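Printed here is run-v8.cif (mmCIF, N, CA and C atoms):
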```cif
data_start
loop_
_atom_site.label_atom_id
_atom_site.label_comp_id
_atom_site.auth_asym_id
_atom_site.auth_seq_id
_atom_site.Cartn_x
_atom_site.Cartn_y
_atom_site.Cartn_z
N MET A 1 5.62 -10.33 -31.56
CA MET A 1 5.57 -9.19 -30.68
C MET A 1 6.01 -9.58 -29.27
N ALA A 2 6.77 -8.73 -28.68
CA ALA A 2 7.20 -8.97 -27.31
C ALA A 2 6.12 -8.46 -26.35
N VAL A 3 5.87 -9.26 -25.33
CA VAL A 3 4.86 -8.88 -24.35
C VAL A 3 5.54 -7.99 -23.31
N ASN A 4 4.87 -6.91 -22.97
CA ASN A 4 5.42 -5.96 -22.01
C ASN A 4 5.49 -6.62 -20.63
N SER A 5 6.67 -6.62 -20.02
CA SER A 5 6.86 -7.28 -18.73
C SER A 5 6.07 -6.58 -17.62
N LYS A 6 5.87 -5.29 -17.75
CA LYS A 6 5.08 -4.56 -16.76
C LYS A 6 3.63 -5.06 -16.77
N LYS A 7 3.10 -5.29 -17.95
CA LYS A 7 1.74 -5.78 -18.09
C LYS A 7 1.60 -7.18 -17.48
N ILE A 8 2.59 -8.02 -17.69
CA ILE A 8 2.57 -9.37 -17.11
C ILE A 8 2.61 -9.28 -15.59
N ALA A 9 3.45 -8.41 -15.06
CA ALA A 9 3.56 -8.26 -13.61
C ALA A 9 2.23 -7.80 -13.01
N VAL A 10 1.54 -6.89 -13.67
CA VAL A 10 0.24 -6.43 -13.18
C VAL A 10 -0.77 -7.57 -13.19
N TYR A 11 -0.79 -8.36 -14.26
CA TYR A 11 -1.71 -9.49 -14.34
C TYR A 11 -1.43 -10.51 -13.23
N VAL A 12 -0.17 -10.79 -12.99
CA VAL A 12 0.20 -11.75 -11.94
C VAL A 12 -0.24 -11.22 -10.58
N LEU A 13 -0.02 -9.94 -10.33
CA LEU A 13 -0.42 -9.33 -9.06
C LEU A 13 -1.94 -9.38 -8.87
N VAL A 14 -2.69 -9.09 -9.92
CA VAL A 14 -4.15 -9.13 -9.84
C VAL A 14 -4.64 -10.55 -9.58
N VAL A 15 -4.08 -11.51 -10.27
CA VAL A 15 -4.48 -12.91 -10.07
C VAL A 15 -4.15 -13.35 -8.64
N PHE A 16 -2.98 -12.97 -8.13
CA PHE A 16 -2.62 -13.33 -6.76
C PHE A 16 -3.58 -12.69 -5.76
N ALA A 17 -3.90 -11.41 -5.96
CA ALA A 17 -4.82 -10.72 -5.05
C ALA A 17 -6.20 -11.39 -5.07
N LEU A 18 -6.70 -11.72 -6.24
CA LEU A 18 -8.00 -12.41 -6.32
C LEU A 18 -7.94 -13.78 -5.65
N TYR A 19 -6.85 -14.50 -5.83
CA TYR A 19 -6.69 -15.80 -5.19
C TYR A 19 -6.75 -15.68 -3.67
N VAL A 20 -6.03 -14.70 -3.12
CA VAL A 20 -6.02 -14.51 -1.67
C VAL A 20 -7.42 -14.12 -1.18
N ILE A 21 -8.08 -13.22 -1.89
CA ILE A 21 -9.42 -12.77 -1.49
C ILE A 21 -10.41 -13.94 -1.50
N ILE A 22 -10.35 -14.76 -2.53
CA ILE A 22 -11.30 -15.87 -2.66
C ILE A 22 -11.01 -16.97 -1.65
N THR A 23 -9.74 -17.31 -1.46
CA THR A 23 -9.42 -18.45 -0.59
C THR A 23 -9.42 -18.09 0.89
N ASP A 24 -9.11 -16.85 1.24
CA ASP A 24 -9.05 -16.46 2.66
C ASP A 24 -9.41 -14.98 2.82
N PRO A 25 -10.70 -14.66 2.79
CA PRO A 25 -11.11 -13.26 2.84
C PRO A 25 -10.71 -12.54 4.14
N LYS A 26 -10.67 -13.26 5.26
CA LYS A 26 -10.31 -12.61 6.52
C LYS A 26 -8.86 -12.13 6.48
N THR A 27 -7.98 -12.96 5.98
CA THR A 27 -6.58 -12.56 5.86
C THR A 27 -6.43 -11.42 4.87
N ALA A 28 -7.17 -11.47 3.78
CA ALA A 28 -7.12 -10.38 2.80
C ALA A 28 -7.57 -9.06 3.43
N ALA A 29 -8.60 -9.11 4.27
CA ALA A 29 -9.06 -7.91 4.95
C ALA A 29 -7.99 -7.40 5.91
N ASP A 30 -7.29 -8.31 6.57
CA ASP A 30 -6.19 -7.90 7.46
C ASP A 30 -5.08 -7.21 6.67
N TYR A 31 -4.76 -7.73 5.48
CA TYR A 31 -3.74 -7.10 4.64
C TYR A 31 -4.15 -5.69 4.23
N VAL A 32 -5.41 -5.53 3.87
CA VAL A 32 -5.91 -4.21 3.48
C VAL A 32 -5.83 -3.25 4.67
N GLN A 33 -6.21 -3.73 5.85
CA GLN A 33 -6.15 -2.88 7.04
C GLN A 33 -4.70 -2.47 7.33
N ILE A 34 -3.78 -3.40 7.23
CA ILE A 34 -2.36 -3.08 7.44
C ILE A 34 -1.88 -2.05 6.43
N GLY A 35 -2.30 -2.20 5.19
CA GLY A 35 -1.91 -1.24 4.15
C GLY A 35 -2.43 0.15 4.44
N PHE A 36 -3.72 0.25 4.84
CA PHE A 36 -4.28 1.56 5.14
C PHE A 36 -3.65 2.17 6.38
N GLU A 37 -3.31 1.36 7.36
CA GLU A 37 -2.62 1.89 8.54
C GLU A 37 -1.25 2.43 8.16
N GLY A 38 -0.56 1.74 7.27
CA GLY A 38 0.74 2.21 6.80
C GLY A 38 0.63 3.54 6.07
N ILE A 39 -0.37 3.65 5.19
CA ILE A 39 -0.60 4.90 4.47
C ILE A 39 -0.94 6.02 5.44
N SER A 40 -1.78 5.72 6.43
CA SER A 40 -2.16 6.72 7.43
C SER A 40 -0.95 7.18 8.24
N ASN A 41 -0.11 6.25 8.65
CA ASN A 41 1.09 6.60 9.41
C ASN A 41 2.04 7.46 8.57
N ALA A 42 2.17 7.12 7.30
CA ALA A 42 3.04 7.90 6.42
C ALA A 42 2.50 9.32 6.24
N ALA A 43 1.20 9.45 6.06
CA ALA A 43 0.59 10.77 5.91
C ALA A 43 0.77 11.58 7.20
N GLN A 44 0.63 10.95 8.34
CA GLN A 44 0.83 11.63 9.62
C GLN A 44 2.27 12.12 9.75
N ALA A 45 3.22 11.30 9.35
CA ALA A 45 4.63 11.69 9.42
C ALA A 45 4.92 12.87 8.50
N VAL A 46 4.36 12.86 7.30
CA VAL A 46 4.55 13.98 6.38
C VAL A 46 3.93 15.24 6.97
N GLY A 47 2.74 15.12 7.55
CA GLY A 47 2.10 16.27 8.18
C GLY A 47 2.92 16.82 9.33
N ASP A 48 3.46 15.93 10.14
CA ASP A 48 4.31 16.37 11.26
C ASP A 48 5.56 17.09 10.74
N PHE A 49 6.14 16.56 9.67
CA PHE A 49 7.33 17.18 9.09
C PHE A 49 7.00 18.56 8.54
N MET A 50 5.90 18.68 7.82
CA MET A 50 5.51 19.97 7.26
C MET A 50 5.21 20.99 8.37
N THR A 51 4.59 20.53 9.45
CA THR A 51 4.34 21.41 10.59
C THR A 51 5.65 21.88 11.20
N TRP A 52 6.61 20.98 11.32
CA TRP A 52 7.92 21.32 11.85
C TRP A 52 8.61 22.37 10.97
N ILE A 53 8.51 22.17 9.64
CA ILE A 53 9.10 23.13 8.70
C ILE A 53 8.39 24.48 8.83
N ALA A 54 7.05 24.48 8.91
CA ALA A 54 6.29 25.73 9.00
C ALA A 54 6.58 26.48 10.29
N ASN A 55 6.97 25.76 11.33
CA ASN A 55 7.30 26.39 12.61
C ASN A 55 8.76 26.84 12.68
N GLY A 56 9.44 26.84 11.56
CA GLY A 56 10.82 27.33 11.53
C GLY A 56 11.86 26.26 11.77
N ALA A 57 11.49 25.03 11.70
CA ALA A 57 12.42 23.89 11.85
C ALA A 57 13.16 23.95 13.18
N GLN A 58 12.43 24.27 14.21
CA GLN A 58 13.02 24.31 15.55
C GLN A 58 12.58 23.08 16.33
N ASP A 59 13.46 22.60 17.20
CA ASP A 59 13.14 21.42 18.01
C ASP A 59 12.06 21.69 18.99
#
```

Show this structure as structure tokens.
Amino acid sequence: MAVNSKKIAVYVLVVFALYVIITDPKTAADYVQIGFEGISNAAQAVGDFMTWIANGAQD
């Protein structure tokens, strides 16, 4: 049977994440904070775009 490459990639990613968390929790927390800030900024940009569209797409 061939092993699904997607499944292998997920396992590798999980093992890497656990390694980073165990060996350097402060850096792992910084990575999580950066990720959430990125998601927040993206959501803000989408909201701004939708507001612009709702206002008639005027400058």

Please run DSSP on the backbone and report, as a compact mmCIF listing (two decimals) with N, CA and C atoms, in the frame of the given file, all residues within chain A that come out as helix (DSSP H, G or I).
```
# COMPACT_ATOMS: atom_id res chain seq x y z
N SER A 5 6.67 -6.62 -20.02
CA SER A 5 6.86 -7.28 -18.73
C SER A 5 6.07 -6.58 -17.62
N LYS A 6 5.87 -5.29 -17.75
CA LYS A 6 5.08 -4.56 -16.76
C LYS A 6 3.63 -5.06 -16.77
N LYS A 7 3.10 -5.29 -17.95
CA LYS A 7 1.74 -5.78 -18.09
C LYS A 7 1.60 -7.18 -17.48
N ILE A 8 2.59 -8.02 -17.69
CA ILE A 8 2.57 -9.37 -17.11
C ILE A 8 2.61 -9.28 -15.59
N ALA A 9 3.45 -8.41 -15.06
CA ALA A 9 3.56 -8.26 -13.61
C ALA A 9 2.23 -7.80 -13.01
N VAL A 10 1.54 -6.89 -13.67
CA VAL A 10 0.24 -6.43 -13.18
C VAL A 10 -0.77 -7.57 -13.19
N TYR A 11 -0.79 -8.36 -14.26
CA TYR A 11 -1.71 -9.49 -14.34
C TYR A 11 -1.43 -10.51 -13.23
N VAL A 12 -0.17 -10.79 -12.99
CA VAL A 12 0.20 -11.75 -11.94
C VAL A 12 -0.24 -11.22 -10.58
N LEU A 13 -0.02 -9.94 -10.33
CA LEU A 13 -0.42 -9.33 -9.06
C LEU A 13 -1.94 -9.38 -8.87
N VAL A 14 -2.69 -9.09 -9.92
CA VAL A 14 -4.15 -9.13 -9.84
C VAL A 14 -4.64 -10.55 -9.58
N VAL A 15 -4.08 -11.51 -10.27
CA VAL A 15 -4.48 -12.91 -10.07
C VAL A 15 -4.15 -13.35 -8.64
N PHE A 16 -2.98 -12.97 -8.13
CA PHE A 16 -2.62 -13.33 -6.76
C PHE A 16 -3.58 -12.69 -5.76
N ALA A 17 -3.90 -11.41 -5.96
CA ALA A 17 -4.82 -10.72 -5.05
C ALA A 17 -6.20 -11.39 -5.07
N LEU A 18 -6.70 -11.72 -6.24
CA LEU A 18 -8.00 -12.41 -6.32
C LEU A 18 -7.94 -13.78 -5.65
N TYR A 19 -6.85 -14.50 -5.83
CA TYR A 19 -6.69 -15.80 -5.19
C TYR A 19 -6.75 -15.68 -3.67
N VAL A 20 -6.03 -14.70 -3.12
CA VAL A 20 -6.02 -14.51 -1.67
C VAL A 20 -7.42 -14.12 -1.18
N ILE A 21 -8.08 -13.22 -1.89
CA ILE A 21 -9.42 -12.77 -1.49
C ILE A 21 -10.41 -13.94 -1.50
N ILE A 22 -10.35 -14.76 -2.53
CA ILE A 22 -11.30 -15.87 -2.66
C ILE A 22 -11.01 -16.97 -1.65
N THR A 23 -9.74 -17.31 -1.46
CA THR A 23 -9.42 -18.45 -0.59
C THR A 23 -9.42 -18.09 0.89
N PRO A 25 -10.70 -14.66 2.79
CA PRO A 25 -11.11 -13.26 2.84
C PRO A 25 -10.71 -12.54 4.14
N LYS A 26 -10.67 -13.26 5.26
CA LYS A 26 -10.31 -12.61 6.52
C LYS A 26 -8.86 -12.13 6.48
N THR A 27 -7.98 -12.96 5.98
CA THR A 27 -6.58 -12.56 5.86
C THR A 27 -6.43 -11.42 4.87
N ALA A 28 -7.17 -11.47 3.78
CA ALA A 28 -7.12 -10.38 2.80
C ALA A 28 -7.57 -9.06 3.43
N ALA A 29 -8.60 -9.11 4.27
CA ALA A 29 -9.06 -7.91 4.95
C ALA A 29 -7.99 -7.40 5.91
N ASP A 30 -7.29 -8.31 6.57
CA ASP A 30 -6.19 -7.90 7.46
C ASP A 30 -5.08 -7.21 6.67
N TYR A 31 -4.76 -7.73 5.48
CA TYR A 31 -3.74 -7.10 4.64
C TYR A 31 -4.15 -5.69 4.23
N VAL A 32 -5.41 -5.53 3.87
CA VAL A 32 -5.91 -4.21 3.48
C VAL A 32 -5.83 -3.25 4.67
N GLN A 33 -6.21 -3.73 5.85
CA GLN A 33 -6.15 -2.88 7.04
C GLN A 33 -4.70 -2.47 7.33
N ILE A 34 -3.78 -3.40 7.23
CA ILE A 34 -2.36 -3.08 7.44
C ILE A 34 -1.88 -2.05 6.43
N GLY A 35 -2.30 -2.20 5.19
CA GLY A 35 -1.91 -1.24 4.15
C GLY A 35 -2.43 0.15 4.44
N PHE A 36 -3.72 0.25 4.84
CA PHE A 36 -4.28 1.56 5.14
C PHE A 36 -3.65 2.17 6.38
N GLU A 37 -3.31 1.36 7.36
CA GLU A 37 -2.62 1.89 8.54
C GLU A 37 -1.25 2.43 8.16
N GLY A 38 -0.56 1.74 7.27
CA GLY A 38 0.74 2.21 6.80
C GLY A 38 0.63 3.54 6.07
N ILE A 39 -0.37 3.65 5.19
CA ILE A 39 -0.60 4.90 4.47
C ILE A 39 -0.94 6.02 5.44
N SER A 40 -1.78 5.72 6.43
CA SER A 40 -2.16 6.72 7.43
C SER A 40 -0.95 7.18 8.24
N ASN A 41 -0.11 6.25 8.65
CA ASN A 41 1.09 6.60 9.41
C ASN A 41 2.04 7.46 8.57
N ALA A 42 2.17 7.12 7.30
CA ALA A 42 3.04 7.90 6.42
C ALA A 42 2.50 9.32 6.24
N ALA A 43 1.20 9.45 6.06
CA ALA A 43 0.59 10.77 5.91
C ALA A 43 0.77 11.58 7.20
N GLN A 44 0.63 10.95 8.34
CA GLN A 44 0.83 11.63 9.62
C GLN A 44 2.27 12.12 9.75
N ALA A 45 3.22 11.30 9.35
CA ALA A 45 4.63 11.69 9.42
C ALA A 45 4.92 12.87 8.50
N VAL A 46 4.36 12.86 7.30
CA VAL A 46 4.55 13.98 6.38
C VAL A 46 3.93 15.24 6.97
N GLY A 47 2.74 15.12 7.55
CA GLY A 47 2.10 16.27 8.18
C GLY A 47 2.92 16.82 9.33
N ASP A 48 3.46 15.93 10.14
CA ASP A 48 4.31 16.37 11.26
C ASP A 48 5.56 17.09 10.74
N PHE A 49 6.14 16.56 9.67
CA PHE A 49 7.33 17.18 9.09
C PHE A 49 7.00 18.56 8.54
N MET A 50 5.90 18.68 7.82
CA MET A 50 5.51 19.97 7.26
C MET A 50 5.21 20.99 8.37
N THR A 51 4.59 20.53 9.45
CA THR A 51 4.34 21.41 10.59
C THR A 51 5.65 21.88 11.20
N TRP A 52 6.61 20.98 11.32
CA TRP A 52 7.92 21.32 11.85
C TRP A 52 8.61 22.37 10.97
N ILE A 53 8.51 22.17 9.64
CA ILE A 53 9.10 23.13 8.70
C ILE A 53 8.39 24.48 8.83
N ALA A 54 7.05 24.48 8.91
CA ALA A 54 6.29 25.73 9.00
C ALA A 54 6.58 26.48 10.29
```

Please report, as AutoDock Vina command-line options, the centre and edge lengths in Å to one decimal of an axis-aligned box covering all listed atoms of segment 15-19 of chain A with 5 Å per side.
```
--center_x -5.3 --center_y -13.3 --center_z -7.0 --size_x 15.4 --size_y 15.1 --size_z 16.6
```

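A straight line drawn from atom CA of Gln58 of chain A to atom CA of Ser40 of chain A is 24.6 Å long.
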
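Going from atom C of Ala28 of chain A over to atom CA of Asn4 of chain A, you cover 28.7 Å.
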
| Gap from atom CA of Val3 of chain A to atom CA of Val20 of chain A - Å, one decimal | 25.8 Å

| field | Counting only C-alpha atoms, the option among A:Val12, A:Ala17, A:Lys6, A:Ala43 closest to Tyr31 of chain A | value | A:Ala17
